[in-house]
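Below is the file target.cif, which contains mmCIF, C-alpha atoms.
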data_work
loop_
_atom_site.group_PDB
_atom_site.id
_atom_site.type_symbol
_atom_site.label_atom_id
_atom_site.label_comp_id
_atom_site.auth_asym_id
_atom_site.auth_seq_id
_atom_site.Cartn_x
_atom_site.Cartn_y
_atom_site.Cartn_z
ATOM 1 C CA MET H 1 -50.731 -11.842 -45.833
ATOM 2 C CA LYS H 2 -49.453 -13.774 -42.832
ATOM 3 C CA ALA H 3 -51.252 -14.624 -39.615
ATOM 4 C CA TYR H 4 -49.267 -15.115 -36.401
ATOM 5 C CA ARG H 5 -50.674 -17.361 -33.698
ATOM 6 C CA ILE H 6 -49.469 -18.778 -30.413
ATOM 7 C CA VAL H 7 -50.495 -22.261 -29.375
ATOM 8 C CA HIS H 8 -50.595 -23.321 -25.737
ATOM 9 C CA GLN H 9 -52.208 -26.632 -24.773
ATOM 10 C CA ASN H 10 -55.770 -26.356 -26.158
ATOM 11 C CA SER H 11 -55.665 -22.612 -26.808
ATOM 12 C CA SER H 12 -54.799 -20.973 -30.106
ATOM 13 C CA PHE H 13 -55.150 -17.286 -30.865
ATOM 14 C CA GLU H 14 -53.703 -14.577 -33.051
ATOM 15 C CA ILE H 15 -50.908 -12.409 -31.709
ATOM 16 C CA PRO H 16 -52.051 -8.782 -31.685
ATOM 17 C CA GLU H 17 -49.882 -5.869 -32.717
ATOM 18 C CA GLY H 18 -47.883 -4.615 -29.750
ATOM 19 C CA GLU H 19 -47.301 -6.342 -26.425
ATOM 20 C CA LEU H 20 -48.762 -9.643 -25.169
ATOM 21 C CA LEU H 21 -48.017 -10.468 -21.513
ATOM 22 C CA LEU H 22 -47.631 -14.024 -20.208
ATOM 23 C CA GLY H 23 -47.659 -15.064 -16.568
ATOM 24 C CA ARG H 24 -49.676 -16.183 -13.534
ATOM 25 C CA SER H 25 -51.355 -12.841 -12.945
ATOM 26 C CA ALA H 26 -54.984 -12.471 -14.013
ATOM 27 C CA GLY H 27 -53.917 -9.242 -15.695
ATOM 28 C CA CYS H 28 -51.800 -11.082 -18.287
ATOM 29 C CA HIS H 29 -53.116 -11.745 -21.778
ATOM 30 C CA LEU H 30 -52.219 -15.441 -21.449
ATOM 31 C CA VAL H 31 -52.609 -16.690 -17.874
ATOM 32 C CA LEU H 32 -50.434 -19.713 -17.032
ATOM 33 C CA ASP H 33 -51.587 -21.638 -13.955
ATOM 34 C CA ASP H 34 -48.181 -22.924 -12.905
ATOM 35 C CA ALA H 35 -46.303 -22.297 -9.663
ATOM 36 C CA SER H 36 -43.013 -22.158 -11.596
ATOM 37 C CA VAL H 37 -44.298 -19.155 -13.570
ATOM 38 C CA SER H 38 -43.918 -15.601 -12.230
ATOM 39 C CA ARG H 39 -46.867 -13.212 -12.020
ATOM 40 C CA VAL H 40 -45.670 -11.339 -15.101
ATOM 41 C CA HIS H 41 -43.124 -13.744 -16.547
ATOM 42 C CA ALA H 42 -42.505 -12.743 -20.168
ATOM 43 C CA ALA H 43 -43.795 -10.664 -23.044
ATOM 44 C CA ILE H 44 -44.256 -11.410 -26.727
ATOM 45 C CA TYR H 45 -44.036 -8.429 -29.061
ATOM 46 C CA ARG H 46 -45.456 -8.130 -32.549
ATOM 47 C CA ARG H 47 -44.041 -5.329 -34.641
ATOM 48 C CA GLY H 48 -45.472 -5.867 -38.088
ATOM 49 C CA ASP H 49 -44.016 -9.158 -39.334
ATOM 50 C CA ARG H 50 -41.469 -9.366 -36.532
ATOM 51 C CA ILE H 51 -42.309 -11.485 -33.492
ATOM 52 C CA SER H 52 -40.031 -11.575 -30.462
ATOM 53 C CA VAL H 53 -40.073 -12.686 -26.830
ATOM 54 C CA ILE H 54 -38.331 -11.303 -23.763
ATOM 55 C CA ASP H 55 -38.114 -12.237 -20.104
ATOM 56 C CA ARG H 56 -39.738 -9.700 -17.776
ATOM 57 C CA GLY H 57 -37.495 -10.276 -14.794
ATOM 58 C CA SER H 58 -38.966 -13.647 -13.828
ATOM 59 C CA ARG H 59 -37.310 -15.848 -11.205
ATOM 60 C CA ASN H 60 -36.912 -18.847 -13.541
ATOM 61 C CA GLY H 61 -36.257 -17.154 -16.880
ATOM 62 C CA ILE H 62 -37.382 -18.333 -20.302
ATOM 63 C CA LYS H 63 -36.075 -20.726 -22.934
ATOM 64 C CA VAL H 64 -36.413 -20.648 -26.711
ATOM 65 C CA ASN H 65 -36.162 -24.111 -28.262
ATOM 66 C CA GLY H 66 -34.573 -25.355 -25.040
ATOM 67 C CA VAL H 67 -31.918 -22.639 -24.826
ATOM 68 C CA ARG H 68 -32.091 -20.051 -22.061
ATOM 69 C CA ALA H 69 -32.766 -16.584 -23.466
ATOM 70 C CA GLU H 70 -30.963 -13.739 -21.710
ATOM 71 C CA ASP H 71 -32.067 -10.984 -24.107
ATOM 72 C CA GLU H 72 -34.962 -10.346 -26.478
ATOM 73 C CA VAL H 73 -35.134 -13.156 -29.053
ATOM 74 C CA GLU H 74 -36.799 -12.977 -32.450
ATOM 75 C CA LEU H 75 -39.093 -15.938 -33.110
ATOM 76 C CA LYS H 76 -39.761 -17.863 -36.292
ATOM 77 C CA ASP H 77 -42.412 -20.378 -37.301
ATOM 78 C CA GLY H 78 -42.403 -23.436 -35.046
ATOM 79 C CA ASP H 79 -40.238 -21.975 -32.281
ATOM 80 C CA ILE H 80 -41.155 -23.107 -28.772
ATOM 81 C CA VAL H 81 -40.917 -20.748 -25.805
ATOM 82 C CA GLY H 82 -40.469 -22.447 -22.428
ATOM 83 C CA ILE H 83 -41.943 -20.612 -19.432
ATOM 84 C CA GLY H 84 -41.697 -22.622 -16.233
ATOM 85 C CA HIS H 85 -43.197 -26.010 -17.096
ATOM 86 C CA GLN H 86 -45.283 -24.496 -19.900
ATOM 87 C CA ARG H 87 -44.503 -24.650 -23.614
ATOM 88 C CA ILE H 88 -45.818 -22.049 -26.066
ATOM 89 C CA ARG H 89 -45.413 -22.469 -29.812
ATOM 90 C CA LEU H 90 -45.387 -19.821 -32.529
ATOM 91 C CA VAL H 91 -47.270 -20.744 -35.706
ATOM 92 C CA VAL H 92 -47.000 -18.568 -38.823
ATOM 93 C CA LEU H 93 -49.742 -19.134 -41.381
ATOM 94 C CA GLN H 94 -50.502 -17.825 -44.838
ATOM 95 C CA GLU H 95 -53.948 -16.265 -44.835
ATOM 96 C CA SER H 96 -55.928 -16.966 -47.988
ATOM 97 C CA MET H 97 -59.554 -16.109 -48.814
ATOM 98 C CA GLY H 98 -60.357 -15.430 -45.184
ATOM 99 C CA GLU H 99 -59.389 -18.907 -43.964
ATOM 100 C CA VAL H 100 -56.521 -19.866 -41.699
ATOM 101 C CA GLY H 101 -55.764 -23.594 -41.688
ATOM 102 C CA MET H 102 -55.521 -25.006 -38.183
ATOM 103 C CA THR H 103 -56.246 -28.546 -37.127
ATOM 104 C CA ARG H 104 -56.531 -30.413 -33.850
ATOM 105 C CA CYS H 105 -54.807 -33.671 -33.048
ATOM 106 C CA ARG H 106 -57.354 -36.250 -31.895
ATOM 107 C CA THR H 107 -54.798 -37.903 -29.633
ATOM 108 C CA CYS H 108 -53.859 -34.902 -27.487
ATOM 109 C CA ARG H 109 -56.193 -32.130 -28.802
ATOM 110 C CA ALA H 110 -53.246 -29.833 -29.445
ATOM 111 C CA TRP H 111 -53.497 -27.241 -32.206
ATOM 112 C CA MET H 112 -51.265 -27.600 -35.235
ATOM 113 C CA SER H 113 -50.773 -26.093 -38.653
ATOM 114 C CA GLN H 114 -52.158 -27.961 -41.646
ATOM 115 C CA GLU H 115 -48.603 -27.916 -42.994
ATOM 116 C CA ASP H 116 -47.325 -29.988 -40.060
ATOM 117 C CA GLU H 117 -46.542 -33.558 -41.046
ATOM 118 C CA ALA H 118 -47.110 -34.722 -37.475
ATOM 119 C CA CYS H 119 -48.532 -33.267 -34.279
ATOM 120 C CA PRO H 120 -45.757 -31.181 -32.665
ATOM 121 C CA SER H 121 -47.036 -32.120 -29.212
ATOM 122 C CA CYS H 122 -47.427 -35.915 -29.275
ATOM 123 C CA GLY H 123 -46.057 -36.950 -32.673
ATOM 124 C CA SER H 124 -49.260 -38.511 -34.031
ATOM 125 C CA THR H 125 -49.502 -38.423 -37.810
ATOM 126 C CA PRO H 126 -52.544 -37.459 -39.909
ATOM 127 C CA ASP H 127 -52.916 -41.072 -41.030
ATOM 128 C CA ASP H 128 -53.182 -42.159 -37.400
ATOM 129 C CA THR H 129 -55.417 -39.844 -35.470
ATOM 130 C CA MET H 130 -55.783 -36.367 -36.939
ATOM 131 C CA VAL H 131 -59.151 -34.752 -37.270
ATOM 132 C CA CYS H 132 -59.373 -31.480 -39.181
ATOM 133 C CA GLU H 133 -61.199 -28.635 -37.508
ATOM 134 C CA VAL H 134 -60.569 -25.496 -39.518
ATOM 135 C CA ALA H 135 -60.663 -22.112 -37.838
ATOM 136 C CA GLU H 136 -62.213 -19.899 -40.514
ATOM 137 C CA LYS H 137 -60.673 -16.710 -39.182
ATOM 138 C CA PRO H 138 -57.961 -15.826 -36.711
ATOM 139 C CA GLY H 139 -59.464 -15.881 -33.231
ATOM 140 C CA THR H 140 -62.264 -18.323 -34.075
ATOM 141 C CA ASN H 141 -62.970 -20.654 -31.177
ATOM 142 C CA VAL H 142 -63.182 -24.297 -32.149
ATOM 143 C CA GLY H 143 -64.403 -26.939 -29.699
ATOM 144 C CA PHE H 144 -62.863 -30.310 -28.947
ATOM 145 C CA ALA H 145 -62.944 -32.847 -31.743
ATOM 146 C CA THR H 146 -65.503 -35.575 -31.428
ATOM 147 C CA GLY H 147 -65.485 -38.986 -32.978
ATOM 148 C CA HIS H 148 -64.060 -42.339 -32.204
ATOM 149 C CA GLY H 149 -61.407 -44.659 -33.483
ATOM 150 C CA LYS H 150 -58.074 -46.031 -32.538
ATOM 151 C CA GLN H 151 -55.909 -43.503 -30.763
ATOM 152 C CA SER H 152 -52.242 -44.215 -30.231
ATOM 153 C CA ALA H 153 -48.955 -42.496 -29.580
ATOM 154 C CA SER H 154 -46.021 -44.812 -30.088
ATOM 155 C CA SER H 155 -43.176 -44.760 -27.620
ATOM 156 C CA SER H 156 -40.788 -43.687 -30.386
ATOM 157 C CA MET H 157 -42.971 -40.664 -31.100
ATOM 158 C CA VAL H 158 -43.186 -39.859 -27.408
ATOM 159 C CA GLU H 159 -39.408 -40.009 -27.041
ATOM 160 C CA SER H 160 -39.013 -37.465 -29.860
ATOM 161 C CA GLN H 161 -40.991 -34.827 -27.965
ATOM 162 C CA PRO H 162 -40.000 -32.675 -24.964
ATOM 163 C CA PHE H 163 -40.616 -34.794 -21.856
ATOM 164 C CA VAL H 164 -42.179 -31.893 -19.937
ATOM 165 C CA LEU H 165 -44.618 -31.294 -22.764
ATOM 166 C CA MET H 166 -45.650 -34.938 -22.825
ATOM 167 C CA CYS H 167 -46.351 -34.897 -19.070
ATOM 168 C CA GLY H 168 -48.666 -31.950 -19.614
ATOM 169 C CA ILE H 169 -50.441 -33.712 -22.468
ATOM 170 C CA ALA H 170 -50.891 -36.923 -20.469
ATOM 171 C CA THR H 171 -52.342 -35.005 -17.518
ATOM 172 C CA LYS H 172 -54.620 -32.933 -19.752
ATOM 173 C CA THR H 173 -56.005 -35.933 -21.642
ATOM 174 C CA LEU H 174 -56.612 -37.693 -18.331
ATOM 175 C CA ARG H 175 -58.599 -34.759 -16.955
ATOM 176 C CA ILE H 176 -60.855 -34.607 -20.023
ATOM 177 C CA GLY H 177 -61.672 -38.290 -19.671
ATOM 178 C CA GLN H 178 -59.377 -39.927 -22.218
ATOM 179 C CA ILE H 179 -58.225 -42.549 -19.726
ATOM 180 C CA GLU H 180 -56.887 -45.113 -22.206
ATOM 181 C CA GLU H 181 -54.766 -42.673 -24.190
ATOM 182 C CA SER H 182 -53.465 -40.779 -21.156
ATOM 183 C CA THR H 183 -52.510 -44.066 -19.479
ATOM 184 C CA ARG H 184 -50.644 -45.170 -22.607
ATOM 185 C CA LEU H 185 -48.733 -41.891 -22.697
ATOM 186 C CA MET H 186 -47.822 -42.187 -19.020
ATOM 187 C CA GLU H 187 -46.644 -45.781 -19.448
ATOM 188 C CA ASN H 188 -44.404 -44.694 -22.322
ATOM 189 C CA MET H 189 -42.971 -41.867 -20.234
ATOM 190 C CA LEU H 190 -42.268 -44.181 -17.312
ATOM 191 C CA ARG H 191 -40.351 -46.447 -19.688
ATOM 192 C CA ILE H 192 -38.332 -43.426 -20.802
ATOM 193 C CA VAL H 193 -37.606 -42.573 -17.138
ATOM 194 C CA GLN H 194 -36.448 -46.124 -16.470
ATOM 195 C CA GLY H 195 -34.233 -46.061 -19.545
ATOM 196 C CA LYS H 196 -32.594 -42.790 -18.531
ATOM 197 C CA VAL H 197 -31.950 -44.016 -15.010
ATOM 198 C CA GLU H 198 -30.543 -47.375 -16.159
ATOM 199 C CA SER H 199 -28.234 -45.585 -18.595
ATOM 200 C CA GLY H 200 -26.920 -43.433 -15.751
ATOM 201 C CA LYS H 201 -28.249 -40.194 -17.225
ATOM 202 C CA GLY H 202 -31.042 -39.593 -14.734
ATOM 203 C CA LEU H 203 -33.673 -36.900 -15.222
ATOM 204 C CA SER H 204 -33.101 -33.224 -15.834
ATOM 205 C CA GLU H 205 -34.600 -30.734 -13.384
ATOM 206 C CA ASP H 206 -37.356 -29.879 -15.873
ATOM 207 C CA ASP H 207 -38.219 -33.537 -16.484
ATOM 208 C CA PHE H 208 -38.199 -34.370 -12.774
ATOM 209 C CA GLY H 209 -40.329 -31.304 -12.022
ATOM 210 C CA ALA H 210 -42.941 -32.498 -14.520
ATOM 211 C CA ILE H 211 -43.199 -36.243 -13.830
ATOM 212 C CA ALA H 212 -43.729 -36.017 -10.042
ATOM 213 C CA PRO H 213 -46.860 -33.774 -10.141
ATOM 214 C CA ALA H 214 -48.208 -35.790 -13.073
ATOM 215 C CA LEU H 215 -47.966 -39.037 -11.091
ATOM 216 C CA ILE H 216 -49.891 -37.469 -8.207
ATOM 217 C CA VAL H 217 -52.645 -36.345 -10.577
ATOM 218 C CA PHE H 218 -52.832 -39.834 -12.101
ATOM 219 C CA ALA H 219 -53.152 -41.367 -8.629
ATOM 220 C CA GLU H 220 -55.905 -38.893 -7.703
ATOM 221 C CA VAL H 221 -57.951 -39.371 -10.867
ATOM 222 C CA THR H 222 -57.526 -43.103 -11.518
ATOM 223 C CA ARG H 223 -57.367 -44.178 -7.834
ATOM 224 C CA LYS H 224 -54.622 -46.637 -8.811
ATOM 225 C CA PRO H 225 -51.990 -47.153 -6.075
ATOM 226 C CA GLU H 226 -49.249 -48.096 -8.549
ATOM 227 C CA TYR H 227 -48.818 -44.433 -9.455
ATOM 228 C CA LEU H 228 -47.813 -43.717 -5.868
ATOM 229 C CA SER H 229 -45.266 -46.524 -6.087
ATOM 230 C CA HIS H 230 -43.886 -44.898 -9.237
ATOM 231 C CA LEU H 231 -43.774 -41.564 -7.390
ATOM 232 C CA PHE H 232 -41.671 -43.027 -4.559
ATOM 233 C CA SER H 233 -39.487 -44.894 -7.048
ATOM 234 C CA VAL H 234 -38.710 -41.790 -9.135
ATOM 235 C CA HIS H 235 -37.775 -39.808 -6.020
ATOM 236 C CA ARG H 236 -35.624 -42.679 -4.745
ATOM 237 C CA LEU H 237 -33.750 -42.980 -8.034
ATOM 238 C CA GLN H 238 -33.200 -39.223 -8.132
ATOM 239 C CA ARG H 239 -32.316 -39.222 -4.416
ATOM 240 C CA ARG H 240 -34.735 -36.401 -3.778
ATOM 241 C CA LEU H 241 -37.075 -35.508 -0.953
ATOM 242 C CA LEU H 242 -40.731 -34.981 -1.842
ATOM 243 C CA GLU H 243 -41.951 -31.393 -1.593
ATOM 244 C CA ARG H 244 -43.932 -30.312 1.464
ATOM 245 C CA GLU H 245 -47.222 -29.890 -0.424
ATOM 246 C CA GLN H 246 -46.830 -33.314 -2.023
ATOM 247 C CA VAL H 247 -46.162 -34.972 1.335
ATOM 248 C CA GLU H 248 -49.301 -33.459 2.862
ATOM 249 C CA ARG H 249 -51.402 -34.551 -0.138
ATOM 250 C CA LEU H 250 -50.108 -38.093 0.286
ATOM 251 C CA TYR H 251 -51.733 -38.365 3.701
ATOM 252 C CA ASP H 252 -55.115 -38.208 1.969
ATOM 253 C CA LEU H 253 -54.093 -40.007 -1.204
ATOM 254 C CA VAL H 254 -52.842 -43.218 0.403
ATOM 255 C CA ARG H 255 -56.283 -43.619 2.001
ATOM 256 C CA VAL H 256 -58.234 -42.695 -1.130
ATOM 257 C CA VAL H 257 -56.382 -45.069 -3.454
ATOM 258 C CA GLY H 258 -56.019 -47.816 -0.853
ATOM 259 C CA TYR H 259 -52.227 -47.855 -0.952
ATOM 260 C CA ARG H 260 -51.239 -50.962 0.983
ATOM 261 C CA TYR H 261 -48.080 -52.236 -0.682
ATOM 262 C CA CYS H 262 -45.238 -50.332 0.973
ATOM 263 C CA GLY H 263 -42.286 -51.861 -0.862
ATOM 264 C CA GLU H 264 -41.375 -48.760 -2.855
ATOM 265 C CA LEU H 265 -42.152 -46.472 0.080
ATOM 266 C CA THR H 266 -39.896 -48.573 2.321
ATOM 267 C CA ARG H 267 -37.039 -48.480 -0.196
ATOM 268 C CA TYR H 268 -37.517 -44.736 -0.594
ATOM 269 C CA LEU H 269 -37.384 -44.161 3.173
ATOM 270 C CA ALA H 270 -34.236 -46.305 3.404
ATOM 271 C CA MET H 271 -32.557 -44.073 0.808
ATOM 272 C CA LEU H 272 -33.624 -40.938 2.688
ATOM 273 C CA GLU H 273 -32.187 -42.374 5.880
ATOM 274 C CA GLU H 274 -28.803 -42.659 4.120
ATOM 275 C CA ILE H 275 -28.749 -38.957 3.252
ATOM 276 C CA SER H 276 -30.630 -37.634 6.295
ATOM 277 C CA GLU H 277 -27.500 -36.235 7.986
ATOM 278 C CA SER H 278 -27.430 -33.450 5.403
ATOM 279 C CA PHE H 279 -31.088 -32.485 5.952
ATOM 280 C CA THR H 280 -32.106 -29.079 7.208
ATOM 281 C CA PRO H 281 -34.591 -28.934 10.124
ATOM 282 C CA GLY H 282 -37.432 -28.457 7.631
ATOM 283 C CA GLU H 283 -36.314 -31.463 5.592
ATOM 284 C CA ARG H 284 -36.061 -33.601 8.729
ATOM 285 C CA PHE H 285 -39.672 -32.702 9.521
ATOM 286 C CA LEU H 286 -40.756 -33.824 6.025
ATOM 287 C CA PHE H 287 -38.773 -37.031 6.469
ATOM 288 C CA ARG H 288 -40.633 -37.788 9.696
ATOM 289 C CA ARG H 289 -43.945 -37.056 7.976
ATOM 290 C CA LEU H 290 -43.053 -39.534 5.238
ATOM 291 C CA GLN H 291 -42.148 -42.132 7.842
ATOM 292 C CA GLY H 292 -45.614 -41.607 9.329
ATOM 293 C CA LEU H 293 -47.193 -42.800 6.071
ATOM 294 C CA VAL H 294 -46.091 -46.359 6.821
ATOM 295 C CA LYS H 295 -48.608 -46.645 9.691
ATOM 296 C CA ILE H 296 -51.437 -45.492 7.406
ATOM 297 C CA CYS H 297 -50.442 -47.925 4.647
ATOM 298 C CA SER H 298 -50.019 -50.918 6.933
#
Transcribe the structure of this file into structure tokens.
Amino acid sequence: MKAYRIVHQNSSFEIPEGELLLGRSAGCHLVLDDASVSRVHAAIYRRGDRISVIDRGSRNGIKVNGVRAEDEVELKDGDIVGIGHQRIRLVVLQESMGEVGMTRCRTCRAWMSQEDEACPSCGSTPDDTMVCEVAEKPGTNVGFATGHGKQSASSSMVESQPFVLMCGIATKTLRIGQIEESTRLMENMLRIVQGKVESGKGLSEDDFGAIAPALIVFAEVTRKPEYLSHLFSVHRLQRRLLEREQVERLYDLVRVVGYRYCGELTRYLAMLEEISESFTPGERFLFRRLQGLVKICS
């Protein structure tokens, strides 16, 4: 007998027979706190041993293994459904003697099947950092792993994973107090960003939409001003204007983290000045707000 589970960040639960709704609304079975997700974004259907996913008329659509899905798509073990900036994985397990083998990765706390050779989220291998926490039955809640030891995620492993997913993992591990590991993940991702920019590839919309909010969270939690410099640098390299909400948050953040070195901010403003003729009135207002940050940082 097979058990079908979906894994999202630190949550893992069995897919019930019938319809399972995913979205921002509190009425959904899986609530995704993400502005890029619609109120009722998608639905997963279980019809016996057949699992499928379909978009429910969302504004951003869904992807299955990185490919946009226009119609209902049947899922198989290990498939990843992309909803906004969120990634949801289907895990199919063989149920034997009332036990379903699930483990947590000590590096990022993500759920994985015992058959996985490496964590599908951060790439850590069992020899490195895995700690087995077996869910005895589908639906069993298992707490965070405890214990100590070396925790690492090599840059090569990070590069093999979806960039958006890694941003989510870095932010999550930071918020639960794993400062050293989350910082290492972020440093690896920033190296990846630099490599893409230097190669002329730049960042995709999904990657750019994940790294900017993550850098703001890192600045807020660690109180380290260098993350704001990285934020300005990424936007300068992508030739993009910060979003309104991000600009307003910066007025508090530059004071909280003691941002005094304005080199990256100055270079960013110089780039914006070059493209300012194409700005809408709303964008010109944001540009002026960004220029106002210089007085606070000085």
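Coordinates place atom CA of H:Ile44 at a distance of 5.9 Å from atom CA of H:Glu19.
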Exercise for review: Please write as a PyMOL selection string the list of polymer residues whose atoms come within 12 Å of (-47.1, -4.4, -40.3), counting all atoms listed in the file and keeping to the coordinates of the file.
Suggested key: chain H and resi 1-4+16-18+46-51
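Considering only C-alpha atoms, the residue among H:Leu203, H:Leu215, H:Val254, H:Leu237 positioned nearest to H:Leu185 is H:Leu215.
Atom CA of H:Val67 to atom CA of H:Lys196 spans 21.1 Å [interatomic distance, one decimal].
Once the PyMOL selection byres ((chain H and resi 79) around 7) is applied to the shown structure, the selection contains H:Val64, H:Asn65, H:Leu75, H:Lys76, H:Asp77, H:Gly78, H:Ile80, H:Val81, H:Arg89, H:Leu90.
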Those residues with C-alpha atoms, as a tab-separated table (two decimals), keeping the file's coordinate frame please?
chain	number	residue	atom	x	y	z
H	64	VAL	CA	-36.41	-20.65	-26.71
H	65	ASN	CA	-36.16	-24.11	-28.26
H	75	LEU	CA	-39.09	-15.94	-33.11
H	76	LYS	CA	-39.76	-17.86	-36.29
H	77	ASP	CA	-42.41	-20.38	-37.30
H	78	GLY	CA	-42.40	-23.44	-35.05
H	80	ILE	CA	-41.16	-23.11	-28.77
H	81	VAL	CA	-40.92	-20.75	-25.80
H	89	ARG	CA	-45.41	-22.47	-29.81
H	90	LEU	CA	-45.39	-19.82	-32.53
Since the input has fewer atoms than a full residue there, write stretch 185-192 of chain H out with all heavy atoms, as an mmCIF file, keeping the file's coordinate frame.
data_model
loop_
_atom_site.group_PDB
_atom_site.id
_atom_site.type_symbol
_atom_site.label_atom_id
_atom_site.label_comp_id
_atom_site.auth_asym_id
_atom_site.auth_seq_id
_atom_site.Cartn_x
_atom_site.Cartn_y
_atom_site.Cartn_z
ATOM 1 N N LEU H 185 -49.787 -42.898 -22.678
ATOM 2 C CA LEU H 185 -48.733 -41.891 -22.697
ATOM 3 C C LEU H 185 -47.881 -41.967 -21.430
ATOM 4 O O LEU H 185 -46.651 -41.894 -21.482
ATOM 5 C CB LEU H 185 -49.348 -40.496 -22.834
ATOM 6 C CG LEU H 185 -49.891 -40.110 -24.209
ATOM 7 C CD1 LEU H 185 -50.686 -38.811 -24.109
ATOM 8 C CD2 LEU H 185 -48.775 -39.969 -25.220
ATOM 9 N N MET H 186 -48.557 -42.117 -20.283
ATOM 10 C CA MET H 186 -47.822 -42.187 -19.020
ATOM 11 C C MET H 186 -46.937 -43.436 -18.965
ATOM 12 O O MET H 186 -45.792 -43.379 -18.511
ATOM 13 C CB MET H 186 -48.790 -42.165 -17.840
ATOM 14 C CG MET H 186 -48.109 -42.306 -16.476
ATOM 15 S SD MET H 186 -46.840 -41.043 -16.155
ATOM 16 C CE MET H 186 -47.872 -39.632 -15.751
ATOM 17 N N GLU H 187 -47.446 -44.557 -19.441
ATOM 18 C CA GLU H 187 -46.644 -45.781 -19.448
ATOM 19 C C GLU H 187 -45.400 -45.605 -20.310
ATOM 20 O O GLU H 187 -44.309 -46.055 -19.952
ATOM 21 C CB GLU H 187 -47.487 -46.947 -19.964
ATOM 22 C CG GLU H 187 -48.559 -47.412 -18.988
ATOM 23 C CD GLU H 187 -49.460 -48.469 -19.579
ATOM 24 O OE1 GLU H 187 -49.357 -48.723 -20.807
ATOM 25 O OE2 GLU H 187 -50.269 -49.037 -18.833
ATOM 26 N N ASN H 188 -45.560 -44.942 -21.466
ATOM 27 C CA ASN H 188 -44.404 -44.694 -22.322
ATOM 28 C C ASN H 188 -43.384 -43.794 -21.629
ATOM 29 O O ASN H 188 -42.170 -44.011 -21.733
ATOM 30 C CB ASN H 188 -44.854 -44.050 -23.637
ATOM 31 C CG ASN H 188 -45.519 -45.039 -24.570
ATOM 32 O OD1 ASN H 188 -45.242 -46.226 -24.517
ATOM 33 N ND2 ASN H 188 -46.411 -44.558 -25.415
ATOM 34 N N MET H 189 -43.882 -42.776 -20.920
ATOM 35 C CA MET H 189 -42.971 -41.867 -20.234
ATOM 36 C C MET H 189 -42.241 -42.558 -19.092
ATOM 37 O O MET H 189 -41.059 -42.301 -18.851
ATOM 38 C CB MET H 189 -43.737 -40.640 -19.731
ATOM 39 C CG MET H 189 -44.106 -39.682 -20.851
ATOM 40 S SD MET H 189 -44.833 -38.165 -20.255
ATOM 41 C CE MET H 189 -46.379 -38.745 -19.608
ATOM 42 N N LEU H 190 -42.922 -43.445 -18.399
ATOM 43 C CA LEU H 190 -42.268 -44.181 -17.312
ATOM 44 C C LEU H 190 -41.180 -45.103 -17.859
ATOM 45 O O LEU H 190 -40.145 -45.298 -17.220
ATOM 46 C CB LEU H 190 -43.305 -44.980 -16.515
ATOM 47 C CG LEU H 190 -44.231 -44.136 -15.630
ATOM 48 C CD1 LEU H 190 -45.354 -44.989 -15.061
ATOM 49 C CD2 LEU H 190 -43.445 -43.460 -14.508
ATOM 50 N N ARG H 191 -41.391 -45.643 -19.055
ATOM 51 C CA ARG H 191 -40.351 -46.447 -19.688
ATOM 52 C C ARG H 191 -39.142 -45.583 -20.044
ATOM 53 O O ARG H 191 -37.991 -46.016 -19.930
ATOM 54 C CB ARG H 191 -40.904 -47.149 -20.931
ATOM 55 C CG ARG H 191 -41.716 -48.399 -20.627
ATOM 56 C CD ARG H 191 -41.925 -49.230 -21.860
ATOM 57 N NE ARG H 191 -42.854 -48.605 -22.794
ATOM 58 C CZ ARG H 191 -44.159 -48.791 -22.768
ATOM 59 N NH1 ARG H 191 -44.694 -49.587 -21.861
ATOM 60 N NH2 ARG H 191 -44.934 -48.196 -23.649
ATOM 61 N N ILE H 192 -39.418 -44.352 -20.482
ATOM 62 C CA ILE H 192 -38.332 -43.426 -20.802
ATOM 63 C C ILE H 192 -37.541 -43.104 -19.532
ATOM 64 O O ILE H 192 -36.307 -43.071 -19.539
ATOM 65 C CB ILE H 192 -38.886 -42.139 -21.431
ATOM 66 C CG1 ILE H 192 -39.503 -42.444 -22.798
ATOM 67 C CG2 ILE H 192 -37.784 -41.087 -21.583
ATOM 68 C CD1 ILE H 192 -40.251 -41.280 -23.407
#
